[in-house]
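Next up, upload.cif (mmCIF, C-alpha atoms):
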```cif
data_query
loop_
_atom_site.label_atom_id
_atom_site.label_comp_id
_atom_site.auth_asym_id
_atom_site.auth_seq_id
_atom_site.Cartn_x
_atom_site.Cartn_y
_atom_site.Cartn_z
CA MET E 1249 88.26 101.88 120.45
CA ASN E 1250 84.91 103.39 121.15
CA GLU E 1251 85.96 106.96 120.26
CA ILE E 1252 87.19 105.85 116.84
CA GLU E 1253 83.97 103.94 116.24
CA ILE E 1254 81.52 106.67 117.28
CA ARG E 1255 83.32 109.78 115.92
CA ARG E 1256 81.38 111.56 113.16
CA SER E 1257 81.90 114.82 111.31
CA ILE E 1258 79.32 117.09 112.95
CA ARG E 1259 77.89 120.07 111.08
CA ARG E 1260 74.97 121.00 113.35
CA TYR E 1261 75.60 122.21 116.87
CA LYS E 1262 73.53 123.07 119.91
CA ASP E 1263 73.72 126.61 121.25
CA ILE E 1264 75.88 125.59 124.22
CA GLN E 1265 79.39 126.88 124.91
CA VAL E 1266 82.38 124.60 125.47
CA ASN E 1267 83.88 125.45 128.83
CA GLU E 1268 87.53 126.38 129.25
CA ASP E 1269 88.49 123.30 131.25
CA ILE E 1270 87.36 121.09 128.41
CA GLN E 1271 89.14 123.30 125.86
CA GLN E 1272 92.34 122.77 127.84
CA GLU E 1273 91.81 118.99 127.93
CA LEU E 1274 91.56 118.98 124.15
CA ILE E 1275 94.81 120.89 123.70
CA LYS E 1276 96.52 118.71 126.32
CA SER E 1277 95.67 115.59 124.34
CA ALA E 1278 97.11 117.18 121.19
CA LEU E 1279 100.35 118.00 123.01
CA LEU E 1280 100.84 114.29 123.75
CA ALA E 1281 101.05 113.36 120.07
CA PRO E 1282 104.28 111.88 118.76
CA SER E 1283 106.32 114.01 116.33
CA GLY E 1284 109.49 113.54 114.31
CA ASP E 1285 112.50 114.21 116.55
CA ASN E 1286 109.98 115.44 119.14
CA THR E 1287 109.84 118.76 117.28
CA GLN E 1288 106.17 119.43 118.19
CA PRO E 1289 105.45 121.87 115.35
CA TRP E 1290 101.86 122.57 116.42
CA HIS E 1291 100.05 125.71 117.57
CA PHE E 1292 96.36 126.06 118.40
CA ILE E 1293 94.31 129.20 118.11
CA ILE E 1294 91.11 129.06 120.13
CA VAL E 1295 88.52 131.14 118.29
CA ASP E 1296 85.21 132.00 119.94
CA ASP E 1297 84.84 135.55 118.64
CA LYS E 1298 81.72 135.71 116.50
CA GLU E 1299 83.10 138.04 113.87
CA LEU E 1300 86.31 136.05 113.46
CA LYS E 1301 84.37 132.80 113.17
CA SER E 1302 82.25 134.38 110.49
CA LYS E 1303 85.34 135.48 108.56
CA ILE E 1304 86.87 132.01 108.80
CA ALA E 1305 83.63 130.44 107.55
CA LYS E 1306 83.65 132.92 104.68
CA VAL E 1307 87.17 132.04 103.49
CA SER E 1308 86.20 128.35 103.89
CA HIS E 1309 84.00 128.51 100.80
CA ASN E 1310 81.33 130.28 102.79
CA GLN E 1311 80.12 127.14 104.58
CA LYS E 1312 77.27 128.70 106.48
CA TRP E 1313 76.80 125.81 108.92
CA MET E 1314 80.20 126.62 110.40
CA LYS E 1315 78.95 129.85 111.96
CA LYS E 1316 76.78 127.94 114.43
CA ALA E 1317 79.69 126.00 115.92
CA PRO E 1318 80.47 127.70 119.25
CA LEU E 1319 84.22 127.13 119.01
CA TYR E 1320 86.89 126.75 116.35
CA ILE E 1321 90.36 125.44 117.03
CA VAL E 1322 92.62 126.66 114.25
CA CYS E 1323 95.58 124.28 114.02
CA VAL E 1324 98.80 125.72 112.70
CA ALA E 1325 102.14 124.08 111.85
CA ASP E 1326 105.38 125.98 112.41
CA ILE E 1327 108.19 125.14 109.98
CA ARG E 1328 110.72 127.03 112.12
CA VAL E 1329 111.08 124.02 114.39
CA ARG E 1330 112.85 122.37 111.43
CA ILE E 1331 114.32 125.19 109.37
CA LYS E 1332 116.66 127.38 111.36
CA THR E 1333 117.19 130.52 109.35
CA ASP E 1334 116.61 134.22 109.74
CA GLU E 1335 115.41 134.44 106.16
CA ALA E 1336 111.76 134.85 105.23
CA ILE E 1337 109.82 131.69 104.38
CA ASP E 1338 106.52 131.92 102.52
CA LEU E 1339 104.39 128.80 102.64
CA ASP E 1340 101.41 127.99 100.50
CA GLU E 1341 99.63 125.09 98.82
CA SER E 1342 102.35 124.67 96.18
CA THR E 1343 105.41 124.79 98.44
CA GLY E 1344 107.69 121.83 97.73
CA LEU E 1345 109.74 121.82 100.95
CA PHE E 1346 110.14 118.40 102.60
CA GLU E 1347 109.91 120.04 106.01
CA LEU E 1348 106.40 121.25 105.19
CA LYS E 1349 105.33 117.65 104.57
CA GLN E 1350 106.84 116.67 107.91
CA ILE E 1351 105.06 119.37 109.90
CA ILE E 1352 101.73 118.70 108.15
CA ARG E 1353 102.10 115.03 109.13
CA ASP E 1354 102.95 115.78 112.76
CA THR E 1355 100.30 118.45 113.20
CA SER E 1356 97.66 116.18 111.65
CA ILE E 1357 98.48 113.53 114.26
CA ALA E 1358 98.08 116.06 117.05
CA ILE E 1359 94.80 117.35 115.62
CA GLU E 1360 93.33 113.86 115.52
CA HIS E 1361 94.27 113.38 119.18
CA LEU E 1362 92.24 116.49 119.87
CA VAL E 1363 89.33 115.23 117.78
CA LEU E 1364 89.22 111.85 119.52
CA GLU E 1365 89.56 113.48 122.93
CA ALA E 1366 86.63 115.73 122.03
CA THR E 1367 84.61 112.63 121.12
CA SER E 1368 85.53 111.13 124.47
CA GLN E 1369 84.28 114.32 126.17
CA GLY E 1370 80.91 114.05 124.43
CA LEU E 1371 81.66 116.77 121.88
CA GLY E 1372 81.18 116.84 118.14
CA THR E 1373 83.85 118.09 115.73
CA CYS E 1374 84.46 118.60 112.04
CA TRP E 1375 87.79 118.89 110.21
CA ILE E 1376 87.80 121.82 107.76
CA ALA E 1377 90.63 122.46 105.32
CA TRP E 1378 88.84 124.10 102.42
CA TYR E 1379 90.52 127.51 102.31
CA LYS E 1380 93.60 129.13 100.85
CA GLN E 1381 96.53 129.82 103.17
CA ASN E 1382 96.73 133.38 101.89
CA GLU E 1383 93.08 133.98 102.74
CA ILE E 1384 92.81 132.37 106.17
CA ARG E 1385 96.10 133.55 107.65
CA PRO E 1386 95.33 137.30 107.58
CA VAL E 1387 92.05 136.73 109.46
CA LEU E 1388 94.01 135.65 112.55
CA GLU E 1389 97.24 137.54 111.83
CA ILE E 1390 99.13 134.30 111.25
CA PRO E 1391 102.56 134.91 109.66
CA ASN E 1392 103.32 133.57 106.17
CA ASP E 1393 105.88 131.07 107.47
CA LYS E 1394 103.12 129.12 109.24
CA TYR E 1395 100.73 126.64 107.58
CA VAL E 1396 97.11 126.22 108.68
CA VAL E 1397 96.67 122.43 108.63
CA GLY E 1398 93.05 122.43 109.70
CA VAL E 1399 90.23 124.26 111.43
CA ILE E 1400 88.30 122.06 113.84
CA THR E 1401 84.78 123.12 114.70
CA VAL E 1402 83.85 122.03 118.23
CA GLY E 1403 80.54 121.91 120.07
CA TYR E 1404 77.68 119.76 121.27
CA ALA E 1405 76.18 117.84 118.36
CA ASP E 1406 72.63 118.57 117.27
CA GLU E 1407 72.55 115.71 114.75
CA SER E 1408 73.44 111.99 114.68
CA PRO E 1409 74.74 111.30 111.18
CA LYS E 1410 75.39 107.77 110.01
CA GLN E 1411 78.90 106.63 109.34
CA ARG E 1412 79.93 107.50 105.81
CA PRO E 1413 80.77 104.58 103.52
CA ARG E 1414 84.25 103.18 103.92
CA LYS E 1415 86.52 101.19 101.64
CA ARG E 1416 86.57 97.47 102.28
CA MET E 1417 89.60 95.97 104.01
CA GLU E 1418 90.57 94.06 100.86
CA GLU E 1419 90.87 97.32 98.94
CA VAL E 1420 93.51 98.80 101.22
CA ILE E 1421 95.41 95.86 102.78
CA HIS E 1422 98.49 94.39 101.13
CA LYS E 1423 100.79 91.65 102.38
CA ASN E 1424 104.58 91.98 102.18
CA LYS E 1425 104.42 93.97 98.95
CA TRP E 1426 102.23 96.52 97.14
CA MET F 696 91.75 109.53 126.97
CA ASN F 697 93.79 106.76 128.46
CA GLU F 698 95.30 105.62 125.14
CA ILE F 699 96.58 109.12 124.39
CA GLU F 700 98.04 109.38 127.88
CA ILE F 701 99.83 106.01 127.95
CA ARG F 702 101.04 105.78 124.32
CA ARG F 703 104.84 105.76 124.00
CA SER F 704 107.18 105.25 121.06
CA ILE F 705 108.42 101.70 121.67
CA ARG F 706 111.79 100.56 120.33
CA ARG F 707 112.23 97.26 122.20
CA TYR F 708 109.85 94.39 121.56
CA LYS F 709 109.22 90.94 123.01
CA ASP F 710 109.60 87.95 120.71
CA ILE F 711 105.84 87.45 120.39
CA GLN F 712 103.87 87.64 117.14
CA VAL F 713 100.83 89.87 116.66
CA ASN F 714 97.93 87.68 115.61
CA GLU F 715 95.94 88.32 112.47
CA ASP F 716 92.70 89.23 114.24
CA ILE F 717 94.48 92.04 116.02
CA GLN F 718 96.16 93.17 112.80
CA GLN F 719 92.71 93.46 111.24
CA GLU F 720 91.41 95.48 114.20
CA LEU F 721 94.25 97.94 113.68
CA ILE F 722 93.50 98.41 110.00
CA LYS F 723 89.77 98.65 110.73
CA SER F 724 90.39 101.55 113.09
CA ALA F 725 92.45 103.31 110.42
CA LEU F 726 89.65 102.91 107.88
CA LEU F 727 87.33 104.87 110.19
CA ALA F 728 89.44 108.02 109.99
CA PRO F 729 87.92 111.14 108.45
CA SER F 730 89.37 112.30 105.13
CA GLY F 731 88.81 115.24 102.80
CA ASP F 732 85.75 114.54 100.62
CA ASN F 733 85.85 111.01 102.07
CA THR F 734 88.61 110.20 99.56
CA GLN F 735 90.33 107.67 101.90
CA PRO F 736 93.76 107.80 100.23
CA TRP F 737 95.35 105.18 102.51
CA HIS F 738 96.84 101.75 101.88
CA PHE F 739 98.49 99.49 104.42
CA ILE F 740 101.16 96.91 103.69
CA ILE F 741 101.49 94.31 106.45
CA VAL F 742 105.12 93.24 106.56
CA ASP F 743 106.20 90.26 108.63
CA ASP F 744 108.78 88.81 106.26
CA LYS F 745 112.16 88.90 107.99
CA GLU F 746 114.20 89.81 104.94
CA LEU F 747 111.84 92.62 103.92
CA LYS F 748 111.81 94.01 107.46
CA SER F 749 115.58 94.00 107.41
CA LYS F 750 115.65 95.90 104.10
CA ILE F 751 113.19 98.47 105.42
CA ALA F 752 115.28 98.94 108.56
CA LYS F 753 118.33 99.40 106.35
CA VAL F 754 116.80 102.17 104.22
CA SER F 755 115.57 103.75 107.47
CA HIS F 756 119.08 104.86 108.36
CA ASN F 757 119.91 101.33 109.43
CA GLN F 758 118.03 101.56 112.74
CA LYS F 759 118.96 98.15 114.08
CA TRP F 760 116.31 98.06 116.81
CA MET F 761 113.64 97.96 114.10
CA LYS F 762 114.56 94.42 113.10
CA LYS F 763 113.27 93.03 116.38
CA ALA F 764 109.75 94.38 115.89
CA PRO F 765 107.62 91.40 114.79
CA LEU F 766 105.43 93.45 112.46
CA TYR F 767 105.64 96.58 110.34
CA ILE F 768 102.65 98.33 108.87
CA VAL F 769 103.83 100.40 105.92
CA CYS F 770 101.34 103.21 105.39
CA VAL F 771 101.02 104.54 101.88
CA ALA F 772 99.06 107.47 100.44
CA ASP F 773 97.58 107.26 96.95
CA ILE F 774 97.36 110.57 95.10
CA ARG F 775 95.18 108.99 92.38
CA VAL F 776 92.12 109.44 94.59
CA ARG F 777 92.54 113.19 93.92
CA ILE F 778 94.32 113.47 90.58
CA LYS F 779 92.46 111.74 87.79
CA THR F 780 94.86 111.41 84.91
CA ASP F 781 96.46 108.63 82.90
CA GLU F 782 99.76 110.44 82.96
CA ALA F 783 102.68 109.32 85.10
CA ILE F 784 103.10 111.03 88.48
CA ASP F 785 106.41 110.80 90.32
CA LEU F 786 106.25 111.75 93.98
CA ASP F 787 109.15 112.47 96.26
CA GLU F 788 110.18 114.66 99.19
CA SER F 789 110.34 117.81 97.05
CA THR F 790 107.02 117.47 95.21
CA GLY F 791 105.02 120.69 95.45
CA LEU F 792 101.56 119.35 94.59
CA PHE F 793 98.77 120.48 96.92
CA GLU F 794 97.13 117.08 96.59
CA LEU F 795 100.22 115.46 98.13
CA LYS F 796 99.80 117.63 101.21
CA GLN F 797 96.15 116.59 101.41
CA ILE F 798 96.85 112.86 101.22
CA ILE F 799 99.72 113.10 103.72
CA ARG F 800 97.31 114.83 106.13
CA ASP F 801 94.55 112.26 105.68
CA THR F 802 96.83 109.25 105.83
CA SER F 803 98.52 110.61 108.98
CA ILE F 804 95.11 110.81 110.66
CA ALA F 805 94.39 107.19 109.74
CA ILE F 806 97.81 106.04 110.94
CA GLU F 807 97.28 107.64 114.33
CA HIS F 808 93.95 105.85 114.66
CA LEU F 809 95.89 102.63 114.11
CA VAL F 810 98.52 103.64 116.67
CA LEU F 811 95.96 104.48 119.35
CA GLU F 812 94.00 101.31 118.63
CA ALA F 813 97.24 99.33 119.03
CA THR F 814 97.77 101.03 122.40
CA SER F 815 94.25 100.05 123.37
CA GLN F 816 95.05 96.43 122.40
CA GLY F 817 98.10 96.40 124.68
CA LEU F 818 100.60 96.78 121.84
CA GLY F 819 103.57 99.09 121.45
CA THR F 820 104.27 101.04 118.27
CA CYS F 821 106.75 103.48 116.81
CA TRP F 822 106.30 105.91 113.91
CA ILE F 823 109.24 105.78 111.46
CA ALA F 824 109.60 108.22 108.58
CA TRP F 825 113.35 108.44 108.21
CA TYR F 826 113.87 107.12 104.68
CA LYS F 827 113.83 108.38 101.12
CA GLN F 828 110.79 107.58 98.98
CA ASN F 829 113.05 106.34 96.19
CA GLU F 830 114.76 103.90 98.55
CA ILE F 831 111.83 102.45 100.46
CA ARG F 832 109.36 102.08 97.58
CA PRO F 833 111.39 99.52 95.57
CA VAL F 834 111.69 97.25 98.64
CA LEU F 835 107.93 96.61 98.53
CA GLU F 836 107.37 97.27 94.80
CA ILE F 837 105.37 100.42 95.57
CA PRO F 838 104.78 102.53 92.42
CA ASN F 839 106.30 106.02 92.16
CA ASP F 840 102.90 107.70 92.26
CA LYS F 841 102.42 106.56 95.88
CA TYR F 842 103.94 108.24 98.95
CA VAL F 843 105.05 106.28 102.01
CA VAL F 844 103.79 108.44 104.88
CA GLY F 845 105.11 106.23 107.67
CA VAL F 846 106.22 102.80 108.76
CA ILE F 847 104.70 101.72 112.06
CA THR F 848 106.54 99.04 114.01
CA VAL F 849 104.11 96.94 116.05
CA GLY F 850 104.63 94.40 118.82
CA TYR F 851 104.52 93.76 122.54
CA ALA F 852 106.67 96.29 124.38
CA ASP F 853 109.76 95.14 126.20
CA GLU F 854 110.43 98.54 127.74
CA SER F 855 108.47 101.22 129.62
CA PRO F 856 109.93 104.55 128.53
CA LYS F 857 108.98 107.77 130.26
CA GLN F 858 106.96 110.36 128.40
CA ARG F 859 109.27 112.64 126.43
CA PRO F 860 109.21 116.31 127.39
CA ARG F 861 106.36 118.31 125.92
CA LYS F 862 105.88 121.99 125.27
CA ARG F 863 103.88 123.85 127.86
CA MET F 864 100.30 124.84 127.04
CA GLU F 865 101.22 128.54 127.08
CA GLU F 866 103.74 127.97 124.29
CA VAL F 867 101.21 126.62 121.82
CA ILE F 868 97.83 128.12 122.74
CA HIS F 869 96.64 131.40 121.26
CA LYS F 870 93.31 133.17 121.70
CA ASN F 871 91.43 134.65 118.73
CA LYS F 872 94.64 135.55 116.91
CA TRP F 873 98.21 134.32 116.42
#
```

So, in terms of structure tokens, how does the structure I just supplied come out?
Amino acid sequence: MNEIEIRRSIRRYKDIQVNEDIQQELIKSALLAPSGDNTQPWHFIIVDDKELKSKIAKVSHNQKWMKKAPLYIVCVADIRVRIKTDEAIDLDESTGLFELKQIIRDTSIAIEHLVLEATSQGLGTCWIAWYKQNEIRPVLEIPNDKYVVGVITVGYADESPKQRPRKRMEEVIHKNKW
Amino acid sequence: MNEIEIRRSIRRYKDIQVNEDIQQELIKSALLAPSGDNTQPWHFIIVDDKELKSKIAKVSHNQKWMKKAPLYIVCVADIRVRIKTDEAIDLDESTGLFELKQIIRDTSIAIEHLVLEATSQGLGTCWIAWYKQNEIRPVLEIPNDKYVVGVITVGYADESPKQRPRKRMEEVIHKNKW
């Protein structure tokens, strides 16, 4: 697939906004992802506010390049689709709940739909997940029972990086046993 | 993207094998996925042995339809790309390690590349993750420090299911805060 082949992680963006119709196309493609028991644990926060973007970049190890991306899509997994309780749930990096693994899996699938759709629309993206839950959530008022799976920067690429080195097939393929 | 639009979870397959060139194309597309620090934690076990497929179906809550899929790709995440130690690591559904969340995320991205590439090649697939680590790993002699993120059944579809209901955009989109 061409989108899979040409996708790169883009860290330099042109000063051009991403229009709302395209934003909606990206989210629509994410919504079509498969999920366990069709639970669809995903939420997407569109962030174009300059100050909020700056705060998100700051809690993401202060990656300055991020600030120039015109749009972030903050991708959040909701464990309440799987755990039905009125009790408080606090999620973080060390949580051992199986359901957290399930919603991270399903939300990651949806996010990659969005990333490939963005590629198809001529946009560049970069997956960011270098923050602490307890630092990024307050920036966007995300409750503690949600888990931020990734922040995707979106915009028109102002660079053409080469593909990063990949493992060889023989290193990762096995036949009928490990 | 057409592949995102037409992908369905397929549970009935024609009695036609998937040739090795196509199998390689699927794995190649997975290898091109992005991963944190380019760690590429994924491994893929191609399973076409009838007895092994039957055992995998059995530990997957005995889903009988699975046996008719000509090919399984068992997708495994390796935590050793992130945790450098000689000590034993035992992973299961309740493990709280942050690194396990990271490799589940990255391997899920790679698996969905494979699934969309299969769609593009005219193949049907289904994500399965309804097993216990301690039951599925012994079937394929997978060590306890690996985590089976999903089993993908692959073959030529013998059904045309409708798209399952999806959440509406308004339910999952937020603007500049939760």

Chain F in the frame of chain E after Cα least-squares fit, as a tab-separated table (two decimals) with C-alpha atoms, keeping the file's coordinate frame:
```tsv
chain	number	residue	atom	x	y	z
F	696	MET	CA	88.26	101.88	120.48
F	697	ASN	CA	84.90	103.39	121.17
F	698	GLU	CA	85.94	106.96	120.27
F	699	ILE	CA	87.17	105.85	116.85
F	700	GLU	CA	83.96	103.92	116.26
F	701	ILE	CA	81.51	106.67	117.29
F	702	ARG	CA	83.31	109.76	115.92
F	703	ARG	CA	81.37	111.54	113.17
F	704	SER	CA	81.92	114.81	111.32
F	705	ILE	CA	79.32	117.07	112.95
F	706	ARG	CA	77.89	120.05	111.08
F	707	ARG	CA	74.96	120.98	113.34
F	708	TYR	CA	75.60	122.20	116.87
F	709	LYS	CA	73.52	123.06	119.92
F	710	ASP	CA	73.72	126.60	121.26
F	711	ILE	CA	75.89	125.59	124.22
F	712	GLN	CA	79.40	126.87	124.90
F	713	VAL	CA	82.39	124.59	125.47
F	714	ASN	CA	83.90	125.45	128.83
F	715	GLU	CA	87.53	126.38	129.24
F	716	ASP	CA	88.49	123.30	131.25
F	717	ILE	CA	87.36	121.10	128.40
F	718	GLN	CA	89.15	123.28	125.86
F	719	GLN	CA	92.35	122.75	127.83
F	720	GLU	CA	91.81	118.98	127.93
F	721	LEU	CA	91.57	118.99	124.14
F	722	ILE	CA	94.81	120.89	123.69
F	723	LYS	CA	96.51	118.72	126.32
F	724	SER	CA	95.66	115.60	124.34
F	725	ALA	CA	97.11	117.18	121.19
F	726	LEU	CA	100.35	118.00	122.99
F	727	LEU	CA	100.83	114.29	123.74
F	728	ALA	CA	101.06	113.36	120.06
F	729	PRO	CA	104.30	111.88	118.75
F	730	SER	CA	106.31	114.01	116.33
F	731	GLY	CA	109.49	113.57	114.31
F	732	ASP	CA	112.50	114.22	116.57
F	733	ASN	CA	109.97	115.44	119.15
F	734	THR	CA	109.85	118.76	117.28
F	735	GLN	CA	106.17	119.42	118.20
F	736	PRO	CA	105.46	121.88	115.36
F	737	TRP	CA	101.85	122.58	116.42
F	738	HIS	CA	100.05	125.72	117.57
F	739	PHE	CA	96.38	126.05	118.39
F	740	ILE	CA	94.32	129.21	118.10
F	741	ILE	CA	91.10	129.07	120.13
F	742	VAL	CA	88.52	131.13	118.29
F	743	ASP	CA	85.21	131.99	119.92
F	744	ASP	CA	84.83	135.54	118.64
F	745	LYS	CA	81.71	135.69	116.48
F	746	GLU	CA	83.09	138.04	113.86
F	747	LEU	CA	86.31	136.05	113.45
F	748	LYS	CA	84.37	132.79	113.17
F	749	SER	CA	82.25	134.37	110.48
F	750	LYS	CA	85.35	135.48	108.54
F	751	ILE	CA	86.86	132.01	108.79
F	752	ALA	CA	83.62	130.45	107.56
F	753	LYS	CA	83.65	132.91	104.67
F	754	VAL	CA	87.17	132.04	103.49
F	755	SER	CA	86.20	128.36	103.89
F	756	HIS	CA	84.02	128.52	100.80
F	757	ASN	CA	81.34	130.29	102.80
F	758	GLN	CA	80.15	127.14	104.58
F	759	LYS	CA	77.27	128.69	106.47
F	760	TRP	CA	76.80	125.81	108.92
F	761	MET	CA	80.21	126.62	110.39
F	762	LYS	CA	78.95	129.84	111.96
F	763	LYS	CA	76.78	127.94	114.41
F	764	ALA	CA	79.69	126.00	115.92
F	765	PRO	CA	80.48	127.70	119.26
F	766	LEU	CA	84.22	127.13	119.00
F	767	TYR	CA	86.89	126.74	116.34
F	768	ILE	CA	90.36	125.44	117.02
F	769	VAL	CA	92.63	126.66	114.24
F	770	CYS	CA	95.58	124.29	114.01
F	771	VAL	CA	98.81	125.72	112.70
F	772	ALA	CA	102.15	124.11	111.85
F	773	ASP	CA	105.39	125.99	112.41
F	774	ILE	CA	108.19	125.14	109.99
F	775	ARG	CA	110.72	127.05	112.12
F	776	VAL	CA	111.08	124.03	114.39
F	777	ARG	CA	112.85	122.36	111.43
F	778	ILE	CA	114.33	125.18	109.37
F	779	LYS	CA	116.67	127.37	111.36
F	780	THR	CA	117.22	130.51	109.35
F	781	ASP	CA	116.60	134.22	109.73
F	782	GLU	CA	115.42	134.42	106.16
F	783	ALA	CA	111.77	134.85	105.23
F	784	ILE	CA	109.82	131.69	104.39
F	785	ASP	CA	106.52	131.94	102.52
F	786	LEU	CA	104.40	128.81	102.65
F	787	ASP	CA	101.41	128.01	100.51
F	788	GLU	CA	99.63	125.11	98.83
F	789	SER	CA	102.35	124.70	96.19
F	790	THR	CA	105.42	124.79	98.45
F	791	GLY	CA	107.70	121.85	97.73
F	792	LEU	CA	109.74	121.83	100.95
F	793	PHE	CA	110.13	118.42	102.60
F	794	GLU	CA	109.92	120.05	106.01
F	795	LEU	CA	106.39	121.26	105.19
F	796	LYS	CA	105.33	117.68	104.57
F	797	GLN	CA	106.84	116.69	107.91
F	798	ILE	CA	105.05	119.38	109.91
F	799	ILE	CA	101.73	118.71	108.16
F	800	ARG	CA	102.10	115.04	109.14
F	801	ASP	CA	102.94	115.78	112.77
F	802	THR	CA	100.31	118.45	113.21
F	803	SER	CA	97.65	116.18	111.66
F	804	ILE	CA	98.48	113.52	114.25
F	805	ALA	CA	98.07	116.06	117.05
F	806	ILE	CA	94.80	117.35	115.62
F	807	GLU	CA	93.34	113.86	115.52
F	808	HIS	CA	94.27	113.37	119.17
F	809	LEU	CA	92.24	116.50	119.87
F	810	VAL	CA	89.33	115.22	117.78
F	811	LEU	CA	89.22	111.85	119.52
F	812	GLU	CA	89.56	113.47	122.93
F	813	ALA	CA	86.62	115.73	122.04
F	814	THR	CA	84.61	112.63	121.12
F	815	SER	CA	85.52	111.13	124.47
F	816	GLN	CA	84.28	114.33	126.18
F	817	GLY	CA	80.90	114.05	124.44
F	818	LEU	CA	81.66	116.76	121.89
F	819	GLY	CA	81.18	116.83	118.13
F	820	THR	CA	83.84	118.08	115.74
F	821	CYS	CA	84.47	118.59	112.05
F	822	TRP	CA	87.78	118.89	110.20
F	823	ILE	CA	87.80	121.83	107.75
F	824	ALA	CA	90.64	122.44	105.31
F	825	TRP	CA	88.85	124.09	102.43
F	826	TYR	CA	90.53	127.50	102.31
F	827	LYS	CA	93.61	129.13	100.84
F	828	GLN	CA	96.54	129.82	103.16
F	829	ASN	CA	96.73	133.40	101.88
F	830	GLU	CA	93.08	133.99	102.75
F	831	ILE	CA	92.80	132.38	106.16
F	832	ARG	CA	96.11	133.55	107.65
F	833	PRO	CA	95.33	137.31	107.57
F	834	VAL	CA	92.05	136.73	109.46
F	835	LEU	CA	94.01	135.66	112.55
F	836	GLU	CA	97.26	137.56	111.82
F	837	ILE	CA	99.14	134.29	111.25
F	838	PRO	CA	102.58	134.90	109.67
F	839	ASN	CA	103.32	133.56	106.17
F	840	ASP	CA	105.88	131.08	107.47
F	841	LYS	CA	103.11	129.13	109.25
F	842	TYR	CA	100.74	126.64	107.58
F	843	VAL	CA	97.13	126.22	108.68
F	844	VAL	CA	96.68	122.44	108.63
F	845	GLY	CA	93.04	122.44	109.69
F	846	VAL	CA	90.23	124.25	111.43
F	847	ILE	CA	88.30	122.05	113.84
F	848	THR	CA	84.77	123.12	114.70
F	849	VAL	CA	83.84	122.02	118.23
F	850	GLY	CA	80.54	121.91	120.08
F	851	TYR	CA	77.69	119.74	121.27
F	852	ALA	CA	76.18	117.82	118.36
F	853	ASP	CA	72.65	118.55	117.27
F	854	GLU	CA	72.56	115.71	114.76
F	855	SER	CA	73.44	111.99	114.68
F	856	PRO	CA	74.74	111.30	111.19
F	857	LYS	CA	75.36	107.77	110.00
F	858	GLN	CA	78.90	106.62	109.34
F	859	ARG	CA	79.92	107.51	105.79
F	860	PRO	CA	80.77	104.59	103.52
F	861	ARG	CA	84.26	103.20	103.93
F	862	LYS	CA	86.50	101.19	101.66
F	863	ARG	CA	86.55	97.48	102.29
F	864	MET	CA	89.58	95.97	104.02
F	865	GLU	CA	90.54	94.06	100.86
F	866	GLU	CA	90.86	97.33	98.95
F	867	VAL	CA	93.51	98.79	101.22
F	868	ILE	CA	95.40	95.87	102.77
F	869	HIS	CA	98.47	94.38	101.13
F	870	LYS	CA	100.78	91.64	102.38
F	871	ASN	CA	104.57	91.98	102.18
F	872	LYS	CA	104.40	93.98	98.95
F	873	TRP	CA	102.21	96.52	97.15
```

**Q.** Residues selected by the PyMOL selection byres ((chain E and resi 1396-1407) around 6), written as a ChimeraX atom specification
**A.** /E:1260-1262,1317-1324,1371-1377,1395,1408

(Q) I'd like the neighbourhood of Phe793 (chain F) as a ChimeraX atom specification, where a residue qualifies if any of its atoms comes within 12 Å (using all atoms listed in the file), though same-chain residues fewer than 4 positions away should be ignored. (A) /E:1339-1345,1348-1349,1352,1377-1378,1380-1381 /F:774,777-778,786,789,797-800

Q. CA of Asn1250 (chain E) and CA of Ser1283 (chain E) are how many Å apart?
A.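 Computing the Euclidean distance for CA of Asn1250 (chain E) and CA of Ser1283 (chain E) yields 24.4 Å.
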
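Picked out by the PyMOL selection byres ((chain E and resi 1295-1298) around 6) when it runs on this file: Ile1294, Glu1299, Leu1300, Lys1301, Leu1319 and Tyr1320 of chain E; Asn871 of chain F.
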
**Q.** Gap from CA of Arg861 (chain F) to CA of Ser1277 (chain E) - Å, one decimal
**A.**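 Calculated distance between CA of Arg861 (chain F) and CA of Ser1277 (chain E) is 11.1 Å.
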